[in-house]
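Peer 1: The structure is given below, and queries will be raised subsequently.
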Amino acid sequence: MNQPNGTSTNQDFEPKLIGFLCNWCSYRAADLAGISRIKYPPNMRIIRVMCSGRVDPTFVLEAFAQGADGVMVAGCHPGECHYIEQNYKTMRRFYMLRNMLVQMGLEPERFRLVWASAAEGQQLADAVSQMVEQVRQLGPLRWPANWQENGQRLHALQTIVKEHEETMEVPQ
Amino acid sequence: MAEKVGVYVCHCGSNIAGMVDVEEVARWAGQNLQDVVVARDYKFMCSSLGQAMIQEDIKKHGLTRVVVAACSPHLHEKTFRRACQNANLNPYLCQLTNIREHCSWVSTDRAKATVKAKAMVAAAVERVKKQQPLEAMYVQVNPATLVVGGGIAGLQATLELADAGYPVYLVERRPSIGGHMAQFDKTFPTLDCSACILTPKMSEVGQHQNVTMFTYSEIEEVSGSVGHFKVKIHKKARYVDEAKCTGCGICVEKCPRKVIDHDFESGLGYRKAIYTPFPQAVPRIPVIDTSSCIWFERQKCRACEKLCPTGAIAFDQKDEHIELEVGNIVIATGWELFDCRRLPQYGYGRLANVFTNMEFERMCNAAGPTGGKIVLRDGKTEPKSVAIIHCVGSRDVNSNEGCSAVCCMAALKFGHLVMEKTQAEVYSFYIDMRTNQKAYEEFYQRLLEEGMHFVRGRVAEVTDAARRPEEEGKLIVQVEDTLLGKQRRIPVDMVILMAALQPQPDAKDLGIKCGISCSMAGWYTERHPKLDPVATMTDGVFVAGVCQGPKDIPASVAQGAAAAARVMGMITKGTVMIEPVVASINEELCSGCRICNNLCPYNAIQYDEEKAVSRVIASMCKGCGTCVAACPAGAITGAHFTNDQILSEIRGALWDAQEASAPAPVEVSTSSKVVSAS
């Protein structure tokens, strides 16, 4: 949806990523990357959740809406979840949400699921580096600005939010 | 009411200050972030002076929230929470943000790292304002402990706890306790007999008044949490009444069915269909193997039943399912041997005189199938030359990447035993000799002096295809001698493969039952690789011995004792704190759709048929938050990780993104926007 002016100037662009990391594996992988002094670009801001299963699709949408250029969800490897099997639920949600985001015009590279065990500091750092590069190539997302420019889309989104609010109302 | 937030940015010596402009971060936070009333930087926040500074500010400025920008919450969250608590601020109103591991240590550009640190501080400030005071829950610790695995690590843990006066349930899968150590002949480097040091411990456990043993049993299910685990044990039928059996052994003697013992004797010896794995077994109660017993095969025989003097044989015995309640669990499930057939170049299973290390242990053992004689597969010929091949299935990217830690020393022990018992020449083919424990290097020197030959190089192949007359009828070890720099073919009579130690095939299953994870290699993951080697990520579950990673007997014993000491600490304290990070359901909002019910792996969500709502049982909830994210009505709240808190954190983390692009038109109504100027 967004083809920023002149894709070749993207080298100067510093994408902002939000990373939702599970407390037990991926957050510790990021800790390990630090302890091992593995270097990766400072573009991802990490938000700790107890489990990748806690990542509500709303969080991802909010991150994009607040100006993030990419969102990473990272959890324990399948079969290694601290909460037994919750990362399988993350997986289901992830693909569903990504499909939806792609339908909204978002490049799939901007939303990524990564498995990193507590021992995989290097792998996590590599995944962040790779994603930063990919998003850098894509250019800024500018979702909030895009919405404002595109009246129709804004209207659609407002309608969705309104409908959602109505269904949330509690009959007293 | 506006919160009063204090922000504390740590230098961590130069660990953070070296890459992040900490003074600037503190100054910026104080000026630009809403509700921040005090922002400071300090050399070492975790020091007592740093903590005192925070506490003083809480009192002086009446701080209602504290943000510490320092290291990982896994390191110092408790420290700062305690500091806040001591200043009468609820510990859950303190937020730690990790600008060391996640920022300074991984960055190379000071300006960019400082921007990232600011974003992290902004995120923490926005989040902390939404945090709620929480009260930790305390539960009683049941003084009983479950030990899983009756090898040397498990036995040590059992004895330590039982001797201290606490009840222990010991569960062992095999018919007898003792583990792999019971199969060994000698132990390195002292060469004292394995059975002589192990069997006294086994009988002590067997007779201990505080120990309840469940042999031939496995863990079926574990529920509950630290302090009050509920464990279901599957006790397989022995077909022998344990109360009546005296262990006289007449049944074993009279049993007409003889089968190869693949388990204890590693396939070199025989056992009967009714058997105790070895003479010193504890308990000395035999087991009927239903796959080989004539009665189970074709309803005939029952010789054991006729001849048992106490009438203990019970063919109608059924499996039992026993439920136990314990406060803590020690897992010491050990290892299994690498299957050498996976490396066909070494010929195991194809070339008769290629043996595994466990086969050789049994062969050397005076109580073993050959009575301690070192002979070829024909059972009588003494070898004139023996090759010992190191690292079979370890230090190999195609099988196990890690080192098995014990094989170098075991190979030296084997070399010594071969030379002591036979006239054979012994060749050791190694990659690196690893003898890095007390008195191990000395043992290596001793073997060098005794005349064992050492060839440095990974063996390419073991073959019986002779090229030269002197190779006829021999096994030829083809190797590149990396010290000589040339290919060698060494003909020998016997080859011993030092097979790797591998995780138990069902280690992962047990891990899932107990809520602990395995490393990539399959060993259980400890809480901290250096500072907390026996605790796990799940409170109340400890690991000891090889199941945590390959190690020798002294290290396994040390871990067994360490795990017991940790358990004793919990029991002595009497209560344990449980993090109040749990989910709760607002019944007003719950529509009773039951989507959350099936998502919970701990069955912590119960459905109330009458009121048609779901309810979380707090003591069973582990706080993952998956149900919170799934609830279509938004009726579930995850304490300390609420939607409000995380959404605010996202907005804070993107403080500079909003400057770059216009603000989002559809704004969720919150007042917690970051101000761009003071």
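Chain labels A, B, ... are given in the sequence in which chains occur in the structure tokens; within each chain residues are numbered consecutively from 1, and ligands are likewise numbered from 1 in the order shown.
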Any chance you could list, as a list of chain:residue names, the residues in region 16-114 of chain A that come up strand (DSSP E or B) when DSSP is run on the backbone?
Peer 2: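 Strand (DSSP E or B) members of region 16-114 of chain A, listed: A:Leu17, A:Ile18, A:Gly19, A:Phe20, A:Leu21, A:Cys22, A:Met44, A:Arg45, A:Ile46, A:Ile47, A:Arg48, A:Val49, A:Gly70, A:Val71, A:Met72, A:Val73, A:Ala74, A:Gly75, A:Cys81, A:Ile84, A:Phe111, A:Arg112, A:Leu113, A:Val114.
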Peer 1: Once you have the residues from the selection above, write them out as a tab-separated table (two decimals), in the first residue's frame, restricted to N, CA, C and O atoms.
Peer 2:
```tsv
chain	number	residue	atom	x	y	z
A	17	LEU	N	10.83	-1.12	15.33
A	17	LEU	CA	10.16	-2.39	15.49
A	17	LEU	C	9.73	-2.56	16.94
A	17	LEU	O	10.39	-2.08	17.86
A	18	ILE	N	8.62	-3.25	17.11
A	18	ILE	CA	8.21	-3.65	18.46
A	18	ILE	C	8.34	-5.17	18.52
A	18	ILE	O	7.94	-5.88	17.59
A	19	GLY	N	8.97	-5.65	19.57
A	19	GLY	CA	9.12	-7.09	19.74
A	19	GLY	C	8.41	-7.55	20.99
A	19	GLY	O	8.68	-7.05	22.08
A	20	PHE	N	7.48	-8.50	20.83
A	20	PHE	CA	6.83	-9.10	22.00
A	20	PHE	C	7.57	-10.39	22.29
A	20	PHE	O	7.50	-11.34	21.51
A	21	LEU	N	8.28	-10.42	23.41
A	21	LEU	CA	9.11	-11.57	23.72
A	21	LEU	C	8.57	-12.29	24.95
A	21	LEU	O	8.26	-11.64	25.96
A	22	CYS	N	8.50	-13.59	24.87
A	22	CYS	CA	7.99	-14.34	26.01
A	22	CYS	C	9.04	-14.37	27.11
A	22	CYS	O	10.24	-14.42	26.86
A	44	MET	N	14.79	-2.53	17.54
A	44	MET	CA	13.62	-3.22	18.11
A	44	MET	C	13.49	-2.87	19.59
A	44	MET	O	14.42	-2.99	20.36
A	45	ARG	N	12.30	-2.46	19.96
A	45	ARG	CA	11.99	-2.19	21.37
A	45	ARG	C	11.21	-3.37	21.90
A	45	ARG	O	10.20	-3.77	21.32
A	46	ILE	N	11.71	-3.90	22.99
A	46	ILE	CA	11.20	-5.18	23.46
A	46	ILE	C	10.15	-5.00	24.54
A	46	ILE	O	10.33	-4.20	25.48
A	47	ILE	N	9.07	-5.71	24.40
A	47	ILE	CA	8.03	-5.72	25.42
A	47	ILE	C	7.89	-7.14	25.93
A	47	ILE	O	7.73	-8.09	25.16
A	48	ARG	N	8.02	-7.27	27.24
A	48	ARG	CA	8.01	-8.61	27.83
A	48	ARG	C	6.58	-9.03	28.12
A	48	ARG	O	5.82	-8.29	28.73
A	49	VAL	N	6.24	-10.22	27.68
A	49	VAL	CA	4.96	-10.83	28.05
A	49	VAL	C	5.30	-12.19	28.67
A	49	VAL	O	6.36	-12.75	28.40
A	70	GLY	N	7.35	-2.43	12.01
A	70	GLY	CA	7.33	-3.88	11.99
A	70	GLY	C	7.08	-4.40	13.38
A	70	GLY	O	7.35	-3.70	14.37
A	71	VAL	N	6.53	-5.60	13.48
A	71	VAL	CA	6.27	-6.21	14.79
A	71	VAL	C	6.76	-7.64	14.77
A	71	VAL	O	6.49	-8.38	13.83
A	72	MET	N	7.50	-7.99	15.81
A	72	MET	CA	7.97	-9.37	15.94
A	72	MET	C	7.32	-9.99	17.17
A	72	MET	O	7.21	-9.35	18.21
A	73	VAL	N	6.88	-11.22	17.01
A	73	VAL	CA	6.41	-11.99	18.16
A	73	VAL	C	7.38	-13.15	18.31
A	73	VAL	O	7.64	-13.87	17.35
A	74	ALA	N	7.95	-13.30	19.49
A	74	ALA	CA	8.92	-14.38	19.67
A	74	ALA	C	8.54	-15.21	20.89
A	74	ALA	O	8.12	-14.68	21.91
A	75	GLY	N	8.68	-16.52	20.73
A	75	GLY	CA	8.31	-17.43	21.82
A	75	GLY	C	9.23	-18.64	21.84
A	75	GLY	O	10.17	-18.74	21.06
A	81	CYS	N	7.32	-24.94	25.08
A	81	CYS	CA	6.67	-23.82	25.76
A	81	CYS	C	6.71	-24.03	27.27
A	81	CYS	O	6.46	-25.12	27.77
A	84	ILE	N	3.57	-25.30	28.50
A	84	ILE	CA	3.24	-26.57	27.85
A	84	ILE	C	2.98	-26.43	26.35
A	84	ILE	O	3.71	-26.98	25.54
A	111	PHE	N	5.54	-8.36	9.76
A	111	PHE	CA	4.98	-9.04	10.93
A	111	PHE	C	5.56	-10.45	10.96
A	111	PHE	O	5.36	-11.23	10.04
A	112	ARG	N	6.34	-10.72	11.99
A	112	ARG	CA	7.11	-11.94	11.96
A	112	ARG	C	7.00	-12.72	13.27
A	112	ARG	O	6.93	-12.15	14.34
A	113	LEU	N	6.97	-14.04	13.13
A	113	LEU	CA	6.97	-14.93	14.29
A	113	LEU	C	8.32	-15.63	14.34
A	113	LEU	O	8.78	-16.17	13.34
A	114	VAL	N	8.95	-15.59	15.50
A	114	VAL	CA	10.28	-16.17	15.66
A	114	VAL	C	10.27	-17.11	16.86
A	114	VAL	O	9.67	-16.80	17.89
```
Peer 1: At a cut-off of 7 Å, can you tabulate as CSV every residue of chain A near chain B together with its closest atom pair and the distance in Å to one decimal, using only C-alpha atoms and ordering rows by chain then number?
Peer 2:
```
residue,atom,partner,partner_atom,distance
A:Ala30,CA,B:His102,CA,6.3
A:Asp31,CA,B:Glu101,CA,5.1
A:Gly34,CA,B:Glu101,CA,4.0
A:Ile35,CA,B:Glu101,CA,6.2
A:Arg37,CA,B:Trp105,CA,5.4
A:Ile38,CA,B:Val106,CA,5.6
A:Lys39,CA,B:Val106,CA,4.3
A:Tyr40,CA,B:Val106,CA,5.9
A:Pro41,CA,B:Ser107,CA,6.6
A:Pro42,CA,B:Ser107,CA,6.1
A:Arg45,CA,B:Ala653,CA,6.4
A:Met50,CA,B:Cys624,CA,5.3
A:Cys51,CA,B:Cys624,CA,5.2
A:Gly53,CA,B:Thr626,CA,4.5
A:Arg54,CA,B:Gly625,CA,4.6
A:Val55,CA,B:Ala629,CA,6.2
A:Asp56,CA,B:Ala629,CA,4.5
A:Phe59,CA,B:Leu647,CA,6.4
A:Ala63,CA,B:Ile650,CA,6.1
A:Ala65,CA,B:Ala664,CA,6.3
A:Gln66,CA,B:Arg651,CA,6.4
A:Gly67,CA,B:Ala657,CA,5.2
A:Ala68,CA,B:Ala657,CA,6.9
A:Glu80,CA,B:Ser517,CA,5.8
A:His82,CA,B:Gly515,CA,6.3
A:Tyr83,CA,B:Cys624,CA,6.7
A:Ile84,CA,B:Ile512,CA,5.9
A:Gln86,CA,B:Thr626,CA,6.8
A:Arg142,CA,B:Ser661,CA,6.3
A:Pro144,CA,B:Ala664,CA,4.5
A:Ala145,CA,B:Ala662,CA,5.3
A:Gln148,CA,B:Pro665,CA,6.7
A:Gln158,CA,B:Val666,CA,6.9
A:Met168,CA,B:Ala633,CA,6.2
A:Val170,CA,B:Leu589,CA,6.5
```
Peer 1: Using only C-alpha atoms, which protein or nucleic acid residues come within 12 Å of Cys301 (chain B)? Drop anything in the same chain fewer than 5 positions from it, and give the result as a PyMOL selection string.
Peer 2: chain B and resi 254-257+273+293-296+306-307+315
Peer 1: Just the selected residues (N, CA and C atoms), exported as a PDB file, in the first residue's frame, please.
Peer 2:
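Okay, this is what ended up in out-v4.pdb:
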```pdb
ATOM      1  N   LYS B 254      14.231 -71.487  39.461  1.00  0.00           N
ATOM      2  CA  LYS B 254      13.428 -72.551  38.859  1.00  0.00           C
ATOM      3  C   LYS B 254      12.756 -72.158  37.545  1.00  0.00           C
ATOM      4  N   CYS B 255      12.770 -70.891  37.229  1.00  0.00           N
ATOM      5  CA  CYS B 255      12.098 -70.458  35.994  1.00  0.00           C
ATOM      6  C   CYS B 255      12.773 -71.100  34.789  1.00  0.00           C
ATOM      7  N   PRO B 256      11.998 -71.783  33.918  1.00  0.00           N
ATOM      8  CA  PRO B 256      12.615 -72.490  32.793  1.00  0.00           C
ATOM      9  C   PRO B 256      12.947 -71.591  31.600  1.00  0.00           C
ATOM     10  N   ARG B 257      12.454 -70.357  31.585  1.00  0.00           N
ATOM     11  CA  ARG B 257      12.646 -69.511  30.412  1.00  0.00           C
ATOM     12  C   ARG B 257      13.821 -68.548  30.606  1.00  0.00           C
ATOM     13  N   ALA B 273      12.731 -65.266  32.908  1.00  0.00           N
ATOM     14  CA  ALA B 273      11.503 -64.490  32.668  1.00  0.00           C
ATOM     15  C   ALA B 273      11.054 -63.826  33.963  1.00  0.00           C
ATOM     16  N   CYS B 293       7.489 -64.564  29.724  1.00  0.00           N
ATOM     17  CA  CYS B 293       6.978 -65.592  30.636  1.00  0.00           C
ATOM     18  C   CYS B 293       6.075 -66.584  29.888  1.00  0.00           C
ATOM     19  N   ILE B 294       6.299 -67.865  30.136  1.00  0.00           N
ATOM     20  CA  ILE B 294       5.543 -68.913  29.427  1.00  0.00           C
ATOM     21  C   ILE B 294       4.049 -68.837  29.779  1.00  0.00           C
ATOM     22  N   TRP B 295       3.756 -68.497  31.023  1.00  0.00           N
ATOM     23  CA  TRP B 295       2.340 -68.408  31.420  1.00  0.00           C
ATOM     24  C   TRP B 295       1.611 -67.326  30.619  1.00  0.00           C
ATOM     25  N   PHE B 296       2.257 -66.164  30.465  1.00  0.00           N
ATOM     26  CA  PHE B 296       1.607 -65.082  29.725  1.00  0.00           C
ATOM     27  C   PHE B 296       1.586 -65.369  28.227  1.00  0.00           C
ATOM     28  N   LYS B 306       4.263 -72.483  41.949  1.00  0.00           N
ATOM     29  CA  LYS B 306       4.248 -73.759  42.682  1.00  0.00           C
ATOM     30  C   LYS B 306       5.371 -73.819  43.700  1.00  0.00           C
ATOM     31  N   LEU B 307       6.525 -73.238  43.341  1.00  0.00           N
ATOM     32  CA  LEU B 307       7.695 -73.422  44.183  1.00  0.00           C
ATOM     33  C   LEU B 307       7.940 -72.288  45.175  1.00  0.00           C
ATOM     34  N   PHE B 315      -0.240 -63.887  39.733  1.00  0.00           N
ATOM     35  CA  PHE B 315      -0.444 -63.668  38.298  1.00  0.00           C
ATOM     36  C   PHE B 315      -1.608 -62.722  37.997  1.00  0.00           C
TER      37      PHE B 315
END
```
Peer 1: Counting only C-alpha atoms, what is within 12 Å of Leu155 (chain B), bar same-chain residues fewer than 5 positions away, as an NGL selection string?
Peer 2: :B and (146-150 or 160-163 or 168-172 or 176-179 or 181 or 198-206 or 208 or 211 or 213 or 282 or 330-334 or 544-545 or 553 or 556-561 or 563-564)
Peer 1: Taking only region 83-172 of chain B into account, list the residues labelled helix (DSSP H, G or I) by DSSP (computed from the backbone), as a tab-separated table (two decimals) with N, CA, C and O atoms, in the first residue's frame.
Peer 2:
```tsv
chain	number	residue	atom	x	y	z
B	83	ALA	N	13.36	-3.37	47.72
B	83	ALA	CA	13.70	-2.01	48.15
B	83	ALA	C	12.45	-1.15	48.27
B	83	ALA	O	12.27	-0.42	49.24
B	84	CYS	N	11.54	-1.28	47.28
B	84	CYS	CA	10.30	-0.50	47.32
B	84	CYS	C	9.44	-0.94	48.50
B	84	CYS	O	8.85	-0.12	49.20
B	85	GLN	N	9.37	-2.26	48.66
B	85	GLN	CA	8.54	-2.79	49.75
B	85	GLN	C	9.02	-2.24	51.10
B	85	GLN	O	8.21	-1.88	51.95
B	86	ASN	N	10.35	-2.17	51.27
B	86	ASN	CA	10.90	-1.67	52.52
B	86	ASN	C	10.58	-0.20	52.74
B	86	ASN	O	10.66	0.29	53.85
B	91	PRO	N	5.44	-3.64	46.05
B	91	PRO	CA	6.54	-4.05	45.14
B	91	PRO	C	6.11	-4.15	43.68
B	91	PRO	O	6.95	-4.06	42.79
B	92	TYR	N	4.83	-4.32	43.43
B	92	TYR	CA	4.39	-4.46	42.03
B	92	TYR	C	4.17	-3.10	41.36
B	92	TYR	O	3.71	-3.03	40.24
B	93	LEU	N	4.54	-2.04	42.08
B	93	LEU	CA	4.46	-0.71	41.48
B	93	LEU	C	5.85	-0.26	41.02
B	93	LEU	O	6.09	0.91	40.73
B	104	SER	N	22.64	-1.61	25.91
B	104	SER	CA	24.04	-1.18	25.84
B	104	SER	C	24.95	-2.31	25.36
B	104	SER	O	25.85	-2.09	24.55
B	105	TRP	N	24.70	-3.52	25.81
B	105	TRP	CA	25.61	-4.62	25.48
B	105	TRP	C	25.47	-5.09	24.02
B	105	TRP	O	26.34	-5.78	23.51
B	106	VAL	N	24.36	-4.77	23.38
B	106	VAL	CA	24.17	-5.30	22.02
B	106	VAL	C	24.32	-4.21	20.96
B	106	VAL	O	24.17	-4.49	19.78
B	110	ARG	N	26.52	4.86	19.97
B	110	ARG	CA	26.12	5.47	21.23
B	110	ARG	C	24.84	6.30	21.08
B	110	ARG	O	23.94	6.22	21.92
B	111	ALA	N	24.74	7.07	20.00
B	111	ALA	CA	23.57	7.93	19.84
B	111	ALA	C	22.30	7.09	19.67
B	111	ALA	O	21.28	7.34	20.32
B	112	LYS	N	22.39	6.06	18.84
B	112	LYS	CA	21.22	5.23	18.60
B	112	LYS	C	20.85	4.43	19.85
B	112	LYS	O	19.67	4.23	20.15
B	113	ALA	N	21.87	3.97	20.58
B	113	ALA	CA	21.60	3.22	21.81
B	113	ALA	C	20.90	4.12	22.82
B	113	ALA	O	20.02	3.67	23.57
B	114	THR	N	21.29	5.39	22.86
B	114	THR	CA	20.66	6.32	23.80
B	114	THR	C	19.19	6.55	23.44
B	114	THR	O	18.32	6.59	24.32
B	115	VAL	N	18.91	6.65	22.14
B	115	VAL	CA	17.51	6.80	21.71
B	115	VAL	C	16.71	5.57	22.13
B	115	VAL	O	15.59	5.68	22.63
B	116	LYS	N	17.30	4.40	21.92
B	116	LYS	CA	16.60	3.18	22.30
B	116	LYS	C	16.34	3.15	23.81
B	116	LYS	O	15.25	2.82	24.26
B	117	ALA	N	17.35	3.53	24.58
B	117	ALA	CA	17.20	3.54	26.04
B	117	ALA	C	16.08	4.49	26.46
B	117	ALA	O	15.29	4.19	27.36
B	118	LYS	N	15.99	5.64	25.77
B	118	LYS	CA	14.92	6.58	26.09
B	118	LYS	C	13.56	5.94	25.83
B	118	LYS	O	12.63	6.07	26.63
B	119	ALA	N	13.46	5.27	24.68
B	119	ALA	CA	12.18	4.61	24.34
B	119	ALA	C	11.83	3.57	25.39
B	119	ALA	O	10.67	3.43	25.79
B	120	MET	N	12.85	2.84	25.86
B	120	MET	CA	12.58	1.81	26.84
B	120	MET	C	12.13	2.41	28.17
B	120	MET	O	11.25	1.88	28.84
B	121	VAL	N	12.75	3.54	28.54
B	121	VAL	CA	12.35	4.22	29.77
B	121	VAL	C	10.92	4.77	29.61
B	121	VAL	O	10.08	4.62	30.51
B	122	ALA	N	10.64	5.37	28.45
B	122	ALA	CA	9.30	5.91	28.21
B	122	ALA	C	8.26	4.80	28.31
B	122	ALA	O	7.19	4.97	28.92
B	123	ALA	N	8.58	3.63	27.73
B	123	ALA	CA	7.65	2.50	27.78
B	123	ALA	C	7.40	2.09	29.22
B	123	ALA	O	6.26	1.86	29.64
B	124	ALA	N	8.48	2.02	30.00
B	124	ALA	CA	8.35	1.59	31.39
B	124	ALA	C	7.54	2.60	32.20
B	124	ALA	O	6.73	2.23	33.05
B	125	VAL	N	7.75	3.88	31.93
B	125	VAL	CA	7.02	4.92	32.67
B	125	VAL	C	5.52	4.83	32.34
B	125	VAL	O	4.68	4.86	33.23
B	126	GLU	N	5.22	4.71	31.04
B	126	GLU	CA	3.81	4.61	30.66
B	126	GLU	C	3.17	3.37	31.29
B	126	GLU	O	2.03	3.38	31.72
B	127	ARG	N	3.93	2.27	31.32
B	127	ARG	CA	3.39	1.03	31.86
B	127	ARG	C	3.19	1.14	33.37
B	127	ARG	O	2.13	0.79	33.89
B	128	VAL	N	4.21	1.65	34.05
B	128	VAL	CA	4.18	1.62	35.51
B	128	VAL	C	3.00	2.43	36.05
B	128	VAL	O	2.44	2.12	37.10
B	129	LYS	N	2.60	3.46	35.29
B	129	LYS	CA	1.48	4.28	35.76
B	129	LYS	C	0.18	3.49	35.80
B	129	LYS	O	-0.74	3.82	36.52
B	130	LYS	N	0.12	2.44	34.96
B	130	LYS	CA	-1.09	1.62	34.92
B	130	LYS	C	-1.01	0.41	35.86
B	130	LYS	O	-1.96	-0.34	35.98
B	152	ILE	N	22.51	-42.58	40.95
B	152	ILE	CA	23.31	-42.07	42.06
B	152	ILE	C	22.89	-40.66	42.47
B	152	ILE	O	22.86	-40.34	43.66
B	153	ALA	N	22.50	-39.82	41.50
B	153	ALA	CA	22.08	-38.46	41.85
B	153	ALA	C	20.79	-38.49	42.66
B	153	ALA	O	20.67	-37.81	43.69
B	154	GLY	N	19.83	-39.29	42.20
B	154	GLY	CA	18.55	-39.40	42.90
B	154	GLY	C	18.73	-40.02	44.29
B	154	GLY	O	18.10	-39.59	45.26
B	155	LEU	N	19.61	-41.02	44.38
B	155	LEU	CA	19.85	-41.66	45.68
B	155	LEU	C	20.44	-40.67	46.67
B	155	LEU	O	20.06	-40.62	47.84
B	156	GLN	N	21.39	-39.87	46.19
B	156	GLN	CA	22.03	-38.90	47.07
B	156	GLN	C	20.99	-37.90	47.59
B	156	GLN	O	20.93	-37.63	48.78
B	157	ALA	N	20.17	-37.39	46.66
B	157	ALA	CA	19.13	-36.43	47.07
B	157	ALA	C	18.19	-37.08	48.08
B	157	ALA	O	17.83	-36.48	49.10
B	158	THR	N	17.79	-38.32	47.81
B	158	THR	CA	16.88	-39.04	48.69
B	158	THR	C	17.47	-39.18	50.09
B	158	THR	O	16.81	-38.90	51.10
B	159	LEU	N	18.73	-39.61	50.14
B	159	LEU	CA	19.35	-39.84	51.45
B	159	LEU	C	19.52	-38.54	52.23
B	159	LEU	O	19.28	-38.50	53.44
B	160	GLU	N	19.93	-37.49	51.54
B	160	GLU	CA	20.12	-36.21	52.23
B	160	GLU	C	18.81	-35.77	52.88
B	160	GLU	O	18.79	-35.34	54.03
B	161	LEU	N	17.73	-35.87	52.12
B	161	LEU	CA	16.43	-35.42	52.63
B	161	LEU	C	15.93	-36.34	53.73
B	161	LEU	O	15.45	-35.89	54.77
B	162	ALA	N	16.05	-37.66	53.50
B	162	ALA	CA	15.53	-38.62	54.48
B	162	ALA	C	16.32	-38.53	55.78
B	162	ALA	O	15.74	-38.57	56.87
B	163	ASP	N	17.64	-38.36	55.67
B	163	ASP	CA	18.47	-38.24	56.87
B	163	ASP	C	18.14	-36.97	57.65
B	163	ASP	O	18.30	-36.93	58.86
```
Peer 1: Can you tell me which residues surround Lys486 (chain B) at a distance of at most 12 Å, considering only C-alpha atoms, apart from same-chain residues fewer than 4 positions away, and format the answer as a PDB file with N, CA, C and O atoms, in the first residue's frame?
Peer 2:
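Dumped to out22.pdb:
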```
ATOM      1  N   VAL B 455      46.420 -42.216  19.760  1.00  0.00           N
ATOM      2  CA  VAL B 455      46.449 -41.755  18.373  1.00  0.00           C
ATOM      3  C   VAL B 455      45.443 -40.625  18.249  1.00  0.00           C
ATOM      4  O   VAL B 455      44.257 -40.809  18.517  1.00  0.00           O
ATOM      5  N   ARG B 456      45.919 -39.447  17.868  1.00  0.00           N
ATOM      6  CA  ARG B 456      45.017 -38.303  17.787  1.00  0.00           C
ATOM      7  C   ARG B 456      44.389 -38.255  16.394  1.00  0.00           C
ATOM      8  O   ARG B 456      45.088 -38.095  15.398  1.00  0.00           O
ATOM      9  N   GLY B 457      43.091 -38.418  16.353  1.00  0.00           N
ATOM     10  CA  GLY B 457      42.400 -38.373  15.067  1.00  0.00           C
ATOM     11  C   GLY B 457      41.049 -39.044  15.175  1.00  0.00           C
ATOM     12  O   GLY B 457      40.855 -39.961  15.974  1.00  0.00           O
ATOM     13  N   GLN B 478      40.788 -47.533  10.486  1.00  0.00           N
ATOM     14  CA  GLN B 478      41.343 -46.585   9.515  1.00  0.00           C
ATOM     15  C   GLN B 478      41.227 -45.189  10.105  1.00  0.00           C
ATOM     16  O   GLN B 478      40.127 -44.732  10.448  1.00  0.00           O
ATOM     17  N   VAL B 479      42.356 -44.504  10.236  1.00  0.00           N
ATOM     18  CA  VAL B 479      42.332 -43.203  10.906  1.00  0.00           C
ATOM     19  C   VAL B 479      43.409 -42.294  10.334  1.00  0.00           C
ATOM     20  O   VAL B 479      44.457 -42.777   9.893  1.00  0.00           O
ATOM     21  N   GLU B 480      43.120 -40.999  10.327  1.00  0.00           N
ATOM     22  CA  GLU B 480      44.181 -40.050  10.000  1.00  0.00           C
ATOM     23  C   GLU B 480      44.826 -39.625  11.300  1.00  0.00           C
ATOM     24  O   GLU B 480      44.176 -39.013  12.152  1.00  0.00           O
ATOM     25  N   ASP B 481      46.082 -39.988  11.480  1.00  0.00           N
ATOM     26  CA  ASP B 481      46.808 -39.580  12.677  1.00  0.00           C
ATOM     27  C   ASP B 481      47.204 -38.121  12.478  1.00  0.00           C
ATOM     28  O   ASP B 481      48.103 -37.805  11.702  1.00  0.00           O
ATOM     29  N   THR B 482      46.522 -37.223  13.170  1.00  0.00           N
ATOM     30  CA  THR B 482      46.738 -35.802  12.893  1.00  0.00           C
ATOM     31  C   THR B 482      48.025 -35.275  13.522  1.00  0.00           C
ATOM     32  O   THR B 482      48.423 -34.148  13.246  1.00  0.00           O
TER      33      THR B 482
END
```
Peer 1: At what distance in Å, to one decimal, does CA of Tyr270 (chain B) lie from CA of Cys308 (chain B)?
Peer 2: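 Computing the Euclidean distance for CA of Cys308 (chain B) and CA of Tyr270 (chain B) yields 21.7 Å.
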Peer 1: Considering only C-alpha atoms, return as a list in words whatever protein or nucleic-acid residues lie within 12 Å of Gln51 (chain B), sequence-local ones (same chain, fewer than 3 positions apart) excluded.
Peer 2: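 What passes the distance filter is Tyr8, Cys10, Tyr42, Lys43, Phe44, Met45, Cys46, Ser47, Ser48, Ile54, Gln55, Glu56, Asp57, Ile58, Val66, Val68, His76, Thr79, Phe80, Arg81, Arg82, Ala83, Cys84, Gln85, Asn86 and Ala87 of chain B.
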Peer 1: Quick one: of A:Ser117, A:Gln103, A:Pro15, A:Gln122, who's nearest to Pro140 (chain A), counting only C-alpha atoms?
Peer 2: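 Of A:Ser117, A:Gln103, A:Pro15, A:Gln122, the one nearest Pro140 (chain A) is A:Pro15, counting only C-alpha atoms.
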